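Have a look at the structure below before the remarks.
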Amino acid sequence: MSILEGIRILDLTHAMAGPFATMWLGDMGAEIIKIERPGQGDPTRAYGPFVNGESTYFATLNRNKKYVSIDLKKEEGRNLLLRLVEKSDVILNNFRPGVMKKLGLDYETVRAANPKIVYACISGFGQEGPYAERPCYDIVGQAMGGIMSITGWPDGEPDRVGASIGDVVAGMTACVGILSALFDARKTGEGQIVDVSLVDSVVALALQDYSCWFGGGDSPARMGNQYRAWVPYGTYKAKDRYYIIGAGTDQQFRRFSEQVIKMPELCEDARFADTPSRVRNRTVLDKIINDWAAEKKAEDICAALRAADVPFGMINDISMIEASPQTAARRMIVTEDHPVIGKLKMINCPIRFPGTDEQDSPNPTRDIGADNETVLSMILGLSNEDATAYVRQGILYER
């Protein structure tokens, strides 16, 4: 899609949070120029699984990008990047605080090259505070952001959410910050710093649970798949597999009782008459539902829930996602023609702009420095001879 066509972003990121942000921005049409260190490049190029020697991890996170490799530890390399900054809208990094300054690419230096530049930073703890310089991974963010304390079963240990939500939500947060700063720059003619913390982003996910603590005084406990505000809401066991019920209103519970479980008397029972009562008596109600479902197939139960317009769902594993007709209708799985991997299926950007052109096959990843000449010629007007000279000097790198 071309929503962000005309926006140029210098991507100095690696691993997951930063590349996720630029992946989405690239999916929406921004020109992403991925700047990698000479030789090694983004470390995730070496992360499995591999197909034909290529990392599908890297290929998925770094689609729709151009590849330039500059040695930023050398003055000429830094000057080359600053020339690119002059003709770009955003520069994004996810180094630890202080690294960009050591490279001579702190905000003031970059801003001097382009006052309208949006200078975006993703880090574990943010650019300030007593923990700012600590290393951080997704699991650290999940732990310190509070999510692990409410994930898992009451009698078990705190659990990490299976997906790397800390990295992903930090990338999403960076997207929002970058687009907001770009909007402001268009009005004011001035760029600014966008400071995103992985831990802060996870804390923001827990806003509802924090409000429960603030309002009730008790820190929310782990409840497995249950939800403290509603019942029935969570995982239930049929004869053959688990399924989900999400009856969040009295009207939905009445339809569930009358049309699905065929026990209209439950609505007249004082223990289940309203939401607060059902929450207080969740153990009793959940047992009634599971006893009723014990000899029924989940598919039949879900059909009844659908007919009664009660929220429900089967629990899909990752291998089932593509087979979902809803997933197919929303084009959430796209196929990329990768020159080494071949046909590579990946999850699409979930944002839709009806009426706007959509890209059916993303542009695949390329080798380190594969677009050096193209990008530097197009943006800076460098000749092939100039680029070759930079390669000889060790400023540019090509695999």
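Residue names in the structure tokens use chain letters A, B, ... in the order shown, residue numbers from 1 in each chain, and ligand numbers from 1 in the order shown.
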Selection: 10 Å around A:Thr56, only C-alpha atoms, excl. self and same-chain fewer than 5 positions, as a PDB file with N, CA and C atoms, in the first residue's frame:
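File produced: result13.pdb:
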```pdb
ATOM      1  N   THR A  44      20.120 -10.952  13.577  1.00  0.00           N
ATOM      2  CA  THR A  44      19.057 -11.931  13.334  1.00  0.00           C
ATOM      3  C   THR A  44      19.199 -12.619  11.976  1.00  0.00           C
ATOM      4  N   ARG A  45      20.124 -12.171  11.136  1.00  0.00           N
ATOM      5  CA  ARG A  45      20.424 -12.925   9.926  1.00  0.00           C
ATOM      6  C   ARG A  45      20.925 -14.325  10.282  1.00  0.00           C
ATOM      7  N   ALA A  46      21.438 -14.459  11.507  1.00  0.00           N
ATOM      8  CA  ALA A  46      21.972 -15.752  11.956  1.00  0.00           C
ATOM      9  C   ALA A  46      20.995 -16.514  12.838  1.00  0.00           C
ATOM     10  N   TYR A  47      19.740 -16.024  12.972  1.00  0.00           N
ATOM     11  CA  TYR A  47      18.739 -16.707  13.790  1.00  0.00           C
ATOM     12  C   TYR A  47      17.950 -17.697  12.937  1.00  0.00           C
ATOM     13  N   GLY A  48      17.753 -18.888  13.453  1.00  0.00           N
ATOM     14  CA  GLY A  48      16.931 -19.869  12.769  1.00  0.00           C
ATOM     15  C   GLY A  48      15.452 -19.602  12.987  1.00  0.00           C
ATOM     16  N   PRO A  49      14.593 -20.340  12.284  1.00  0.00           N
ATOM     17  CA  PRO A  49      14.919 -21.427  11.349  1.00  0.00           C
ATOM     18  C   PRO A  49      15.446 -20.924  10.008  1.00  0.00           C
ATOM     19  N   PHE A  50      16.114 -21.842   9.291  1.00  0.00           N
ATOM     20  CA  PHE A  50      16.721 -21.497   8.012  1.00  0.00           C
ATOM     21  C   PHE A  50      16.091 -22.327   6.888  1.00  0.00           C
ATOM     22  N   VAL A  51      15.943 -21.705   5.751  1.00  0.00           N
ATOM     23  CA  VAL A  51      15.548 -22.401   4.525  1.00  0.00           C
ATOM     24  C   VAL A  51      16.581 -22.043   3.466  1.00  0.00           C
ATOM     25  N   LEU A  61      10.841 -10.194   9.278  1.00  0.00           N
ATOM     26  CA  LEU A  61      10.849  -8.884   9.938  1.00  0.00           C
ATOM     27  C   LEU A  61      11.407  -7.771   9.058  1.00  0.00           C
ATOM     28  N   ASN A  62      12.056  -8.117   7.971  1.00  0.00           N
ATOM     29  CA  ASN A  62      12.785  -7.098   7.210  1.00  0.00           C
ATOM     30  C   ASN A  62      12.383  -7.026   5.747  1.00  0.00           C
ATOM     31  N   ILE A 341      14.976 -18.343  -0.416  1.00  0.00           N
ATOM     32  CA  ILE A 341      14.064 -19.197   0.341  1.00  0.00           C
ATOM     33  C   ILE A 341      12.999 -19.809  -0.561  1.00  0.00           C
ATOM     34  N   LEU A 344       7.735 -17.822   0.537  1.00  0.00           N
ATOM     35  CA  LEU A 344       7.794 -17.615   1.988  1.00  0.00           C
ATOM     36  C   LEU A 344       6.485 -16.997   2.457  1.00  0.00           C
ATOM     37  N   LYS A 345       5.759 -17.728   3.279  1.00  0.00           N
ATOM     38  CA  LYS A 345       4.501 -17.219   3.826  1.00  0.00           C
ATOM     39  C   LYS A 345       4.786 -16.462   5.108  1.00  0.00           C
ATOM     40  N   MET A 346       4.111 -15.320   5.260  1.00  0.00           N
ATOM     41  CA  MET A 346       4.329 -14.501   6.451  1.00  0.00           C
ATOM     42  C   MET A 346       3.054 -13.753   6.807  1.00  0.00           C
ATOM     43  N   THR A 365      13.939  -9.668   1.447  1.00  0.00           N
ATOM     44  CA  THR A 365      15.208  -9.223   1.999  1.00  0.00           C
ATOM     45  C   THR A 365      16.330  -9.484   1.004  1.00  0.00           C
TER      46      THR A 365
END
```
Q) Residues at most 12 Å from A:Ile288, counting only C-alpha atoms, excluding those fewer than 2 positions away in the same chain, as JSON, numbers by chain? A) {"A": [232, 236, 237, 257, 261, 262, 263, 266, 272, 281, 282, 283, 284, 285, 286, 290, 291, 292, 293, 294]}
(Q) Write out as a PyMOL selection string the set of residues from stretch 133-206 of chain A that DSSP, computed on the backbone, places in alpha helix (DSSP H). (A) chain A and resi 138-144+165-188+198-205
**Q.** Spatial neighbours of A:Val196, max dist 12 Å, only C-alpha atoms, sep filter under 4 positions, as a ChimeraX atom specification
**A.** /A:17-18,21,92-97,119-128,132,166-167,169-178,200-202,204
**Q.** Selected residue of minimal separation from A:Ser197 among A:Gly141, A:Gly234, A:Pro354, A:Pro130, counting only C-alpha atoms
**A.** A:Gly141
Q.
What's around stretch 303-314 of chain A at 7 Å? Count only C-alpha atoms, leave out sequence neighbours fewer than 6 positions away in its own chain, and write the answer as a PyMOL selection string.
A. chain A and resi 243-247+252+255-256+259-260
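For the choices A:Lys74, A:Arg228, A:Arg254, A:Lys116, the atom-to-atom distance to A:Gln192 is smallest for A:Lys116 when using only C-alpha atoms.
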Q: DSSP on the backbone, then: every residue of stretch 183-395 of chain A marked strand (DSSP E or B), written as a ChimeraX atom specification.
A: /A:193-197,227,230,233-237,242-246,312-314,333-338,342-347
Q.
When you look at A:Ala30 with a cut-off of 8 Å (counting only C-alpha atoms), what residues show up, excluding the ones that are within fewer than 5 positions of it in the same chain? I need them as a ChimeraX atom specification.
A. /A:2-9,25
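Closest approach to A:Gly191 among A:Asn114, A:Asn363, A:Asn225, A:Thr275: A:Asn114, based on only C-alpha atoms.
Minimum atom-to-atom distance to A:Cys136, evaluated using only C-alpha atoms, belongs to A:Leu198 out of A:Met23, A:Ala206, A:Met100, A:Leu198.
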Q. Between atom CA of A:Lys66 and atom CA of A:Ala113, what is the spacing in Å?
A. 22.0 Å
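The two atoms in question, atom CA of A:Arg83 and atom CA of A:Gly41, are spaced 20.9 Å apart.
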Q | Nearest to A:Gly224 by atom-to-atom distance, counting only C-alpha atoms, from A:Thr327, A:Thr151, A:Ser211, A:Ser164 | A | A:Thr151
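Closest approach to A:Ile395 among A:Glu75, A:Glu108, A:Glu299, A:Glu54 is made by A:Glu75 (distances from only C-alpha atoms).
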